[in-house]
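As provided, coords03.csv (CSV, C-alpha atoms) reads as follows.
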chain,number,residue,atom,x,y,z
L,1,MET,CA,0.0,0.0,0.0
L,2,LYS,CA,2.9,2.4,0.8
L,3,THR,CA,4.3,1.8,-2.7
L,4,ILE,CA,1.0,2.4,-4.4
L,5,GLY,CA,0.6,5.6,-2.3
L,6,HIS,CA,4.0,6.8,-3.3
L,7,ILE,CA,3.2,6.2,-7.0
L,8,LEU,CA,-0.1,8.1,-6.7
L,9,ALA,CA,1.7,11.0,-5.0
L,10,LYS,CA,4.3,11.2,-7.7
L,11,TYR,CA,1.5,10.9,-10.4
L,12,THR,CA,-0.5,13.7,-8.7
L,13,ALA,CA,2.6,15.9,-8.5
L,14,TRP,CA,3.3,15.4,-12.2
L,15,ILE,CA,-0.3,16.3,-13.0
L,16,LEU,CA,-0.1,19.5,-10.9
L,17,HIS,CA,3.1,20.4,-12.8
L,18,LEU,CA,1.2,20.1,-16.1
L,19,LEU,CA,-1.7,22.2,-14.8
L,20,THR,CA,0.5,25.1,-13.5
L,21,PRO,CA,0.2,27.1,-16.8
L,22,LEU,CA,-3.6,27.0,-16.4
L,23,GLY,CA,-3.6,28.7,-13.0
L,24,ILE,CA,-7.0,28.7,-11.3
L,25,TRP,CA,-8.6,27.0,-14.4
L,26,GLY,CA,-6.6,23.8,-13.8
L,27,VAL,CA,-9.5,22.4,-11.6
L,28,PHE,CA,-11.8,22.6,-14.6
L,29,ALA,CA,-9.3,20.9,-16.9
L,30,ILE,CA,-8.6,18.0,-14.5
L,31,ALA,CA,-12.3,17.4,-13.8
L,32,PHE,CA,-13.0,17.4,-17.5
L,33,ALA,CA,-10.2,14.9,-18.2
L,34,ASP,CA,-11.4,12.7,-15.3
L,35,SER,CA,-14.9,12.4,-16.8
L,36,ALA,CA,-13.8,12.1,-20.4
L,37,LEU,CA,-10.8,9.8,-19.8
L,38,LEU,CA,-9.6,7.6,-17.0
L,39,GLY,CA,-7.2,7.6,-14.1
L,40,MET,CA,-7.1,11.3,-13.2
L,41,PRO,CA,-6.5,12.1,-9.5
L,42,VAL,CA,-9.3,14.7,-9.5
L,43,ASP,CA,-10.0,14.6,-5.7
L,44,ALA,CA,-6.3,15.2,-4.9
L,45,ILE,CA,-6.0,18.0,-7.3
L,46,VAL,CA,-9.2,19.8,-6.1
L,47,ALA,CA,-8.0,19.4,-2.5
L,48,PHE,CA,-4.6,20.9,-3.4
L,49,TYR,CA,-6.2,23.9,-5.0
L,50,VAL,CA,-8.6,24.5,-2.2
L,51,TYR,CA,-6.0,24.1,0.5
L,52,GLN,CA,-3.6,26.5,-1.2
L,53,ASP,CA,-6.3,29.1,-2.0
L,54,HIS,CA,-9.3,28.6,0.2
L,55,ARG,CA,-10.8,32.0,-0.7
L,56,ARG,CA,-11.8,30.6,-4.0
L,57,LEU,CA,-13.3,27.4,-2.5
L,58,LEU,CA,-16.7,27.9,-4.2
L,59,PHE,CA,-15.1,28.8,-7.5
L,60,TYR,CA,-13.1,25.5,-7.5
L,61,VAL,CA,-16.2,23.5,-6.5
L,62,VAL,CA,-18.2,24.9,-9.3
L,63,MET,CA,-15.4,24.6,-11.9
L,64,ALA,CA,-14.7,21.0,-10.9
L,65,ALA,CA,-18.4,20.2,-11.1
L,66,LEU,CA,-18.8,22.0,-14.5
L,67,GLY,CA,-15.7,20.3,-15.9
L,68,SER,CA,-17.0,16.9,-14.8
L,69,VAL,CA,-20.4,17.5,-16.4
L,70,ILE,CA,-19.0,18.7,-19.7
L,71,GLY,CA,-16.5,15.8,-19.8
L,72,SER,CA,-19.3,13.3,-19.4
L,73,ILE,CA,-21.3,14.6,-22.4
L,74,PRO,CA,-19.4,12.5,-25.0
L,75,LEU,CA,-20.2,9.4,-23.0
L,76,TYR,CA,-23.8,10.4,-22.7
L,77,ILE,CA,-23.9,10.8,-26.5
L,78,ILE,CA,-22.3,7.3,-26.9
L,79,GLY,CA,-25.0,5.8,-24.7
L,80,TYR,CA,-27.8,7.6,-26.5
L,81,LEU,CA,-26.6,6.5,-29.9
L,82,GLY,CA,-25.6,3.0,-28.9
L,83,GLY,CA,-28.7,2.1,-27.0
L,84,GLU,CA,-29.0,-0.8,-24.5
L,85,LYS,CA,-26.2,-2.8,-26.2
L,86,VAL,CA,-23.6,-0.3,-25.0
L,87,LEU,CA,-24.6,-0.7,-21.4
L,88,ARG,CA,-25.3,-4.5,-21.5
L,89,LYS,CA,-21.8,-5.2,-22.7
L,90,ARG,CA,-20.3,-3.6,-19.6
L,91,ILE,CA,-22.5,-4.9,-16.7
L,92,SER,CA,-24.4,-8.1,-15.8
L,93,GLU,CA,-28.1,-8.5,-16.6
L,94,GLU,CA,-29.0,-8.3,-12.9
L,95,ARG,CA,-27.2,-5.0,-12.5
L,96,PHE,CA,-28.7,-3.7,-15.8
L,97,LEU,CA,-32.2,-4.3,-14.5
L,98,ARG,CA,-31.4,-2.8,-11.1
L,99,ILE,CA,-30.1,0.4,-12.7
L,100,HIS,CA,-33.0,0.5,-15.1
L,101,ARG,CA,-35.5,0.2,-12.2
L,102,SER,CA,-33.7,3.0,-10.3
L,103,PHE,CA,-34.0,5.4,-13.3
L,104,GLU,CA,-37.7,4.5,-13.7
L,105,GLU,CA,-38.6,5.1,-10.0
L,106,HIS,CA,-36.4,8.2,-9.2
L,107,GLU,CA,-34.6,9.4,-12.3
L,108,PHE,CA,-33.0,12.5,-10.9
L,109,TRP,CA,-31.7,10.7,-7.7
L,110,ALA,CA,-30.6,7.7,-9.8
L,111,LEU,CA,-27.9,9.9,-11.3
L,112,MET,CA,-27.3,12.5,-8.6
L,113,PHE,CA,-26.7,10.0,-5.9
L,114,PRO,CA,-23.8,8.2,-7.7
L,115,ALA,CA,-22.4,11.6,-8.8
L,116,MET,CA,-22.0,12.5,-5.1
L,117,LEU,CA,-19.7,9.6,-4.4
L,118,PRO,CA,-16.0,9.4,-5.2
L,119,PRO,CA,-14.2,6.3,-6.5
L,120,PRO,CA,-14.6,3.3,-6.4
L,121,MET,CA,-18.1,4.2,-7.4
L,122,PRO,CA,-18.3,3.3,-11.2
L,123,PHE,CA,-20.0,6.5,-12.2
L,124,LYS,CA,-19.5,6.2,-15.9
L,125,ILE,CA,-22.0,3.3,-15.9
L,126,PHE,CA,-24.7,5.6,-14.6
L,127,VAL,CA,-23.9,8.2,-17.2
L,128,LEU,CA,-24.4,5.6,-19.9
L,129,GLY,CA,-27.6,4.5,-18.0
L,130,ALA,CA,-29.0,8.0,-18.1
L,131,ALA,CA,-28.6,8.1,-21.9
L,132,VAL,CA,-29.8,4.5,-22.5
L,133,PHE,CA,-32.9,5.0,-20.4
L,134,GLU,CA,-33.6,8.3,-22.1
L,135,MET,CA,-33.1,10.8,-19.3
L,136,ARG,CA,-33.7,14.2,-20.7
L,137,PHE,CA,-30.4,16.1,-21.4
L,138,ARG,CA,-31.4,19.0,-19.3
L,139,ASP,CA,-32.2,16.8,-16.3
L,140,PHE,CA,-29.0,14.9,-16.9
L,141,VAL,CA,-26.9,18.0,-16.6
L,142,ALA,CA,-28.8,19.3,-13.6
L,143,ALA,CA,-28.6,16.0,-11.7
L,144,MET,CA,-24.9,15.5,-12.4
L,145,PHE,CA,-24.0,19.1,-11.6
L,146,ALA,CA,-25.8,19.0,-8.3
L,147,GLY,CA,-24.2,15.7,-7.3
L,148,ARG,CA,-20.7,16.8,-8.3
L,149,CYS,CA,-21.1,20.1,-6.4
L,150,VAL,CA,-22.1,18.2,-3.2
L,151,ARG,CA,-19.1,15.8,-3.7
L,152,PHE,CA,-16.5,18.6,-4.2
L,153,LEU,CA,-17.9,20.9,-1.6
L,154,VAL,CA,-17.8,18.1,1.1
L,155,LEU,CA,-14.2,17.3,-0.1
L,156,SER,CA,-13.2,20.9,0.1
L,157,LEU,CA,-14.6,21.4,3.6
L,158,LEU,CA,-12.9,18.3,4.9
L,159,THR,CA,-9.6,19.4,3.3
L,160,LEU,CA,-9.8,22.8,5.1
L,161,TRP,CA,-10.5,21.0,8.4
L,162,PHE,CA,-8.1,18.1,8.2
L,163,GLY,CA,-5.7,19.0,5.4
L,164,PRO,CA,-5.0,17.5,1.9
L,165,GLN,CA,-4.1,14.2,3.5
L,166,ILE,CA,-7.8,13.5,4.0
L,167,VAL,CA,-8.0,12.4,0.3
L,168,GLY,CA,-5.7,9.5,0.9
L,169,LEU,CA,-7.5,8.6,4.2
L,170,MET,CA,-10.9,8.8,2.5
L,171,GLY,CA,-9.7,6.6,-0.3
L,172,THR,CA,-8.6,3.9,2.1
L,173,VAL,CA,-11.8,4.0,4.1
L,174,LEU,CA,-13.9,3.9,1.0
L,175,ARG,CA,-12.2,0.9,-0.4
L,176,GLN,CA,-12.5,-1.0,2.9
L,177,HIS,CA,-16.0,0.0,3.8
L,178,PHE,CA,-17.6,1.0,0.5
L,179,GLY,CA,-20.6,-1.3,0.9
L,180,TRP,CA,-21.5,0.1,4.3
L,181,LEU,CA,-21.1,3.7,3.0
L,182,LEU,CA,-23.2,3.0,0.0
L,183,GLY,CA,-25.9,1.4,2.1
L,184,GLY,CA,-25.9,4.2,4.6
L,185,VAL,CA,-26.3,7.0,2.0
L,186,ALA,CA,-28.9,5.0,0.1
L,187,GLY,CA,-30.8,4.5,3.3
L,188,GLY,CA,-30.7,8.2,4.0
L,189,VAL,CA,-31.9,9.1,0.6
L,190,LEU,CA,-34.7,6.5,0.9
L,191,VAL,CA,-35.8,8.0,4.2
L,192,TRP,CA,-35.8,11.5,2.7
L,193,LEU,CA,-37.9,10.4,-0.3
L,194,LEU,CA,-40.4,8.6,2.0
L,195,MET,CA,-40.7,11.7,4.2
L,196,ARG,CA,-41.2,13.9,1.2
L,197,ARG,CA,-43.9,11.6,-0.2
L,198,SER,CA,-45.6,11.6,3.1
L,199,ARG,CA,-45.7,15.4,3.3
L,200,SER,CA,-47.0,15.7,-0.2
L,201,ARG,CA,-49.9,13.3,0.6
L,202,LYS,CA,-50.8,15.2,3.7
L,203,LEU,CA,-50.9,18.4,1.7
L,204,GLN,CA,-53.2,16.8,-0.9
L,205,THR,CA,-55.6,15.5,1.8
L,206,ARG,CA,-56.0,19.0,3.3
As structure tokens, what does this structure read like?
Amino acid sequence: MKTIGHILAKYTAWILHLLTPLGIWGVFAIAFADSALLGMPVDAIVAFYVYQDHRRLLFYVVMAALGSVIGSIPLYIIGYLGGEKVLRKRISEERFLRIHRSFEEHEFWALMFPAMLPPPMPFKIFVLGAAVFEMRFRDFVAAMFAGRCVRFLVLSLLTLWFGPQIVGLMGTVLRQHFGWLLGGVAGGVLVWLLMRRSRSRKLQTR
């Protein structure tokens, strides 16, 4: 694990060096590349920018979220044009049906919820799902932008409180307890949805 951590640290430092000419816009570039490509240490980069220049915290959060959304558009188009075949090739039938059901029941949350979570959440699968299950592009952008804003805002606040090393700690915790975290967040979202539905029914009966 120490060797892997050392490699990731060197990789992140190399990426930061490449982003230096972009200045404050480097966050947008790395978030775009992370969504459009693979293997970008976007959390570590965002944490570095925020820690070095906390006065622009909201700017970095918005730019990272915006870059992530725009970088995902090509994948959305691929899913829209390729149809179900594109998604079925990448996941099991059981998972395909589960994702399909989640988009049918709560389309916005089916995308926003995964967008809030950092790796190892396989988020690109949900981007394809949004296109395959014909989520409107406007809603796709809104759900993804909202989810990414939550993700990067929480990351930024934790970075200011604990320092940039929180990224490595979070990565370790998420890999070891990802199932518990996923279940906890899903449970919280479910409770919120049930409470919201209950309130709407009470208002209708008045």
Q: Would you be able to write out as a PyMOL selection string which residues have an atom within 6 Å of (-15.4, 12.8, -5.0) in the file's coordinates, counting only C-alpha atoms?
A: chain L and resi 43+117-118+151-152
Q) Using only C-alpha atoms, which residues sit within 6 Å of region 52-64 of chain L once same-chain residues fewer than 4 positions away are excluded, as a ChimeraX atom specification? A) /L:27-28,31,149,152-153
Q. Can you list, as number ranges by chain, every protein, DNA or RNA residue that comes within 7 Å of Tyr51 (chain L) when you count only C-alpha atoms, leaving out same-chain residues fewer than 2 positions away?
A. L: 47-49, 53-54, 159-160, 164
Q. So what do you get for CA of Tyr80 (chain L) versus CA of Pro41 (chain L), distance-wise?
A. 27.6 Å
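Considering all atoms listed in the file, the residue among L:Val42, L:Ile99, L:Leu155, L:Val69 positioned nearest to Leu87 (chain L) is L:Ile99.
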